[in-house]
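Visitor: Attaching a single structure in structure tokens format; questions to follow.
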Amino acid sequence: MTENISTTHEEIENRIEENSNKMISELDKNNYEKALDFAYEILVELSTDDTFVETYDCLYCLIQDKIFILEHALKMSQKEDFNLSFFYDSVQMKYSAVARSYLTIIVGCEIISRDITMFKDISGDLSYSCNAVQSPIKGLYIRRFLVKSVLATGVMNEINLHSQIAAFLT
């Protein structure tokens with residue numbers, strides 16, 4: 001039985017690596033829409049039914065390394081003229097609540113970092129997206145990712161830090 005579980009995890013890791021390579025290839029071509037599709041496929045792996053904390057934490061860490069590449073590419077794309085609002089709307093149409101939440105946070109926080117006035121509009125979407133995830137463990141990881149991502153935008157210097165974090169965590 002243990003052999004079967006490790007094979008499953010190996011298959012998951014292989015799918016993550018394969019989709020990560022495809023995402024990076026699309027980012028190299030500045031094809032952000034396709035890159036977001038491959039990022040979604042990576043993040044779908046977090047929808048696993050295996051919510052044993054240690055296993056989920058390992059999977060989360062593996063995926064975060066891959067998703068950091070997407071976050072960095074979006075930050076570096078500030079020089080390029082493309083519509084992040086289009087990407088923000090398109091990721092909200094994705095099926096998996098877990099993957100959709102992560103992508104909404106990634107793109108939403110990039111929009112906020114470029115235009116702080118968008119924080120009020122987008123923060124409600126981000127909270128709603130996190131609340132859509134019913135699993136306590138998955139929800140905890142998403143909220144942690146949300147707080148980390150929002151802090152990275154620098155917007156928290158402009159608002160009441162404690163009240164906003166409390167709002168995100170409830």
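Each chain of the structure tokens is named A, B, ... in the order shown, its residues numbered from 1; ligands are numbered from 1 in display order.
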Which residues are close to Ile105 of chain A, i.e. within 8 Å by only C-alpha atoms, leaving aside same-chain residues fewer than 5 positions away? Reply as an MDAnalysis selection string.

Guide: chainID A and resid 126 146 149

Visitor: Which residues come within 12 Å of Phe119 of chain A, counting only C-alpha atoms, excluding same-chain residues fewer than 3 positions away, as a list in words?

Guide: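 Using only C-alpha atoms, the neighbours found are Ile105, Gly108, Cys109, Glu110, Ile111, Ile112, Ser113, Arg114, Asp115, Ile116, Ile122, Ser123, Gly124, Asp125, Leu126, Ser127, Val150, Leu151, Thr153, Gly154, Val155, Met156, Glu158, Ile159 and Gln164 of chain A.
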
Visitor: Env of Asn83 of chain A: 12 Å cut, atoms = only C-alpha atoms, seq-sep filter 6 positions within chain, self excluded. Answer as number ranges by chain.

Guide: A: 32-33, 74, 77, 89-90, 107, 110-111, 114

Visitor: Would you mind exporting C-alpha atoms of the selected residues as a PDB file, in the first residue's frame?

Guide:
```
ATOM      1  CA  TYR A  32       0.989  35.190 -20.108  1.00  0.00           C
ATOM      2  CA  GLU A  33      -2.452  33.784 -20.854  1.00  0.00           C
ATOM      3  CA  LEU A  74       4.294  39.339 -13.677  1.00  0.00           C
ATOM      4  CA  SER A  77       6.242  42.602 -16.997  1.00  0.00           C
ATOM      5  CA  ASP A  89     -11.190  38.276 -14.898  1.00  0.00           C
ATOM      6  CA  SER A  90     -10.110  35.142 -16.768  1.00  0.00           C
ATOM      7  CA  VAL A 107      -2.892  38.495 -10.323  1.00  0.00           C
ATOM      8  CA  GLU A 110       0.065  42.422  -8.880  1.00  0.00           C
ATOM      9  CA  ILE A 111      -2.745  44.809  -9.859  1.00  0.00           C
ATOM     10  CA  ARG A 114       0.720  48.740  -9.595  1.00  0.00           C
TER      11      ARG A 114
END
```

Visitor: Write out, as a tab-separated table, each residue of segment 88-137 of chain A that has an atom at most 9 Å from segment 43-57 of chain A, together with the closest pair of atoms and their distance in Å to one decimal, counting only C-alpha atoms, rows going by chain and rising number.

Guide:
```
residue	atom	partner	partner_atom	distance
A:Ser96	CA	A:Val44	CA	6.7
A:Ala97	CA	A:Ser47	CA	8.2
A:Val98	CA	A:Ser47	CA	6.1
A:Ala99	CA	A:Leu43	CA	4.8
A:Arg100	CA	A:Leu43	CA	8.3
A:Tyr102	CA	A:Leu43	CA	7.5
A:Leu103	CA	A:Leu43	CA	8.3
A:Ser135	CA	A:Thr51	CA	8.4
A:Ile137	CA	A:Thr51	CA	6.8
```

Visitor: Please report the interatomic distance between atom CA of Leu27 of chain A and atom CA of Glu11 of chain A in Å with one decimal.

Guide: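 Computing the Euclidean distance for atom CA of Leu27 of chain A and atom CA of Glu11 of chain A yields 24.1 Å.
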
Visitor: Can you list, as a ChimeraX atom specification, every residue of segment 21-143 of chain A that DSSP puts in helix (DSSP H, G or I)?

Guide: /A:21-28,32-47,53-79,84-91,97-114,116-131,136-143

Visitor: Just give me the gap between atom CA of Pro136 of chain A and atom CA of Phe68 of chain A in Å, one decimal is fine.

Guide: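 Going from atom CA of Pro136 of chain A over to atom CA of Phe68 of chain A, I get 23.7 Å.
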
Visitor: I'd like the contact shell of Cys130 of chain A - 8 Å cut-off, only C-alpha atoms, skipping same-chain residues fewer than 5 positions apart - returned as a list of chain:residue names.

Guide: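 Here the qualifying residues turn out to be A:Ser101, A:Gly139, A:Ile142, A:Arg143.
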
Visitor: Suppose we keep C-alpha atoms; can you now write the selection as a PDB file, in the first residue's frame?

Guide:
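Saved to part.pdb:
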```pdb
ATOM      1  CA  SER A 101      -8.044  31.327  -5.347  1.00  0.00           C
ATOM      2  CA  GLY A 139      -8.165  27.386   3.499  1.00  0.00           C
ATOM      3  CA  ILE A 142      -4.583  29.973   1.022  1.00  0.00           C
ATOM      4  CA  ARG A 143      -5.084  32.628   3.703  1.00  0.00           C
TER       5      ARG A 143
END
```

Visitor: Pick out the closest residue to Ile12 of chain A from this set: A:Phe86, A:Val133, A:Gln64, A:Leu59. Count only C-alpha atoms.

Guide: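 Answer, going by the shortest atom-to-atom distance: A:Leu59.
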
Visitor: As an exercise, work out the distance from atom CA of Gln92 of chain A to atom CA of Glu10 of chain A in Å and give it to one decimal place.

Guide: 29.3 Å

Visitor: Just the residues within 9 Å of Leu70 of chain A, please, counting only C-alpha atoms, with nothing from its chain fewer than 6 positions along; format it as a PDB file with N, CA and C atoms, in the first residue's frame.

Guide:
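What follows is the written file around.pdb:
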```pdb
ATOM      1  N   MET A  23       4.885  26.250 -18.394  1.00  0.00           N
ATOM      2  CA  MET A  23       4.607  27.615 -17.947  1.00  0.00           C
ATOM      3  C   MET A  23       5.815  28.519 -18.208  1.00  0.00           C
ATOM      4  N   ILE A  24       6.987  28.042 -17.857  1.00  0.00           N
ATOM      5  CA  ILE A  24       8.206  28.825 -18.066  1.00  0.00           C
ATOM      6  C   ILE A  24       8.426  29.089 -19.546  1.00  0.00           C
ATOM      7  N   LEU A  27       6.109  31.816 -20.536  1.00  0.00           N
ATOM      8  CA  LEU A  27       6.563  33.097 -19.984  1.00  0.00           C
ATOM      9  C   LEU A  27       7.730  33.647 -20.797  1.00  0.00           C
ATOM     10  N   TYR A  32       1.434  35.277 -21.495  1.00  0.00           N
ATOM     11  CA  TYR A  32       0.989  35.190 -20.108  1.00  0.00           C
ATOM     12  C   TYR A  32      -0.318  34.416 -19.956  1.00  0.00           C
ATOM     13  N   ALA A  35       0.607  30.841 -19.965  1.00  0.00           N
ATOM     14  CA  ALA A  35       1.379  30.583 -18.744  1.00  0.00           C
ATOM     15  C   ALA A  35       0.451  30.459 -17.540  1.00  0.00           C
ATOM     16  N   LEU A  36      -0.577  31.308 -17.485  1.00  0.00           N
ATOM     17  CA  LEU A  36      -1.558  31.217 -16.395  1.00  0.00           C
ATOM     18  C   LEU A  36      -2.335  29.901 -16.456  1.00  0.00           C
ATOM     19  N   ALA A  39      -0.026  27.416 -14.977  1.00  0.00           N
ATOM     20  CA  ALA A  39       0.033  27.655 -13.531  1.00  0.00           C
ATOM     21  C   ALA A  39      -1.208  27.080 -12.860  1.00  0.00           C
ATOM     22  N   ILE A 106      -2.578  35.953  -6.880  1.00  0.00           N
ATOM     23  CA  ILE A 106      -1.357  36.329  -7.601  1.00  0.00           C
ATOM     24  C   ILE A 106      -1.608  37.520  -8.516  1.00  0.00           C
TER      25      ILE A 106
END
```

Visitor: Mind checking which residues fall within 12 Å of Lys34 of chain A, counting only C-alpha atoms, ignoring those fewer than 3 positions away in the same chain, and posting them as a ChimeraX atom specification?

Guide: /A:19-20,22-31,37-41,70,87,90-91
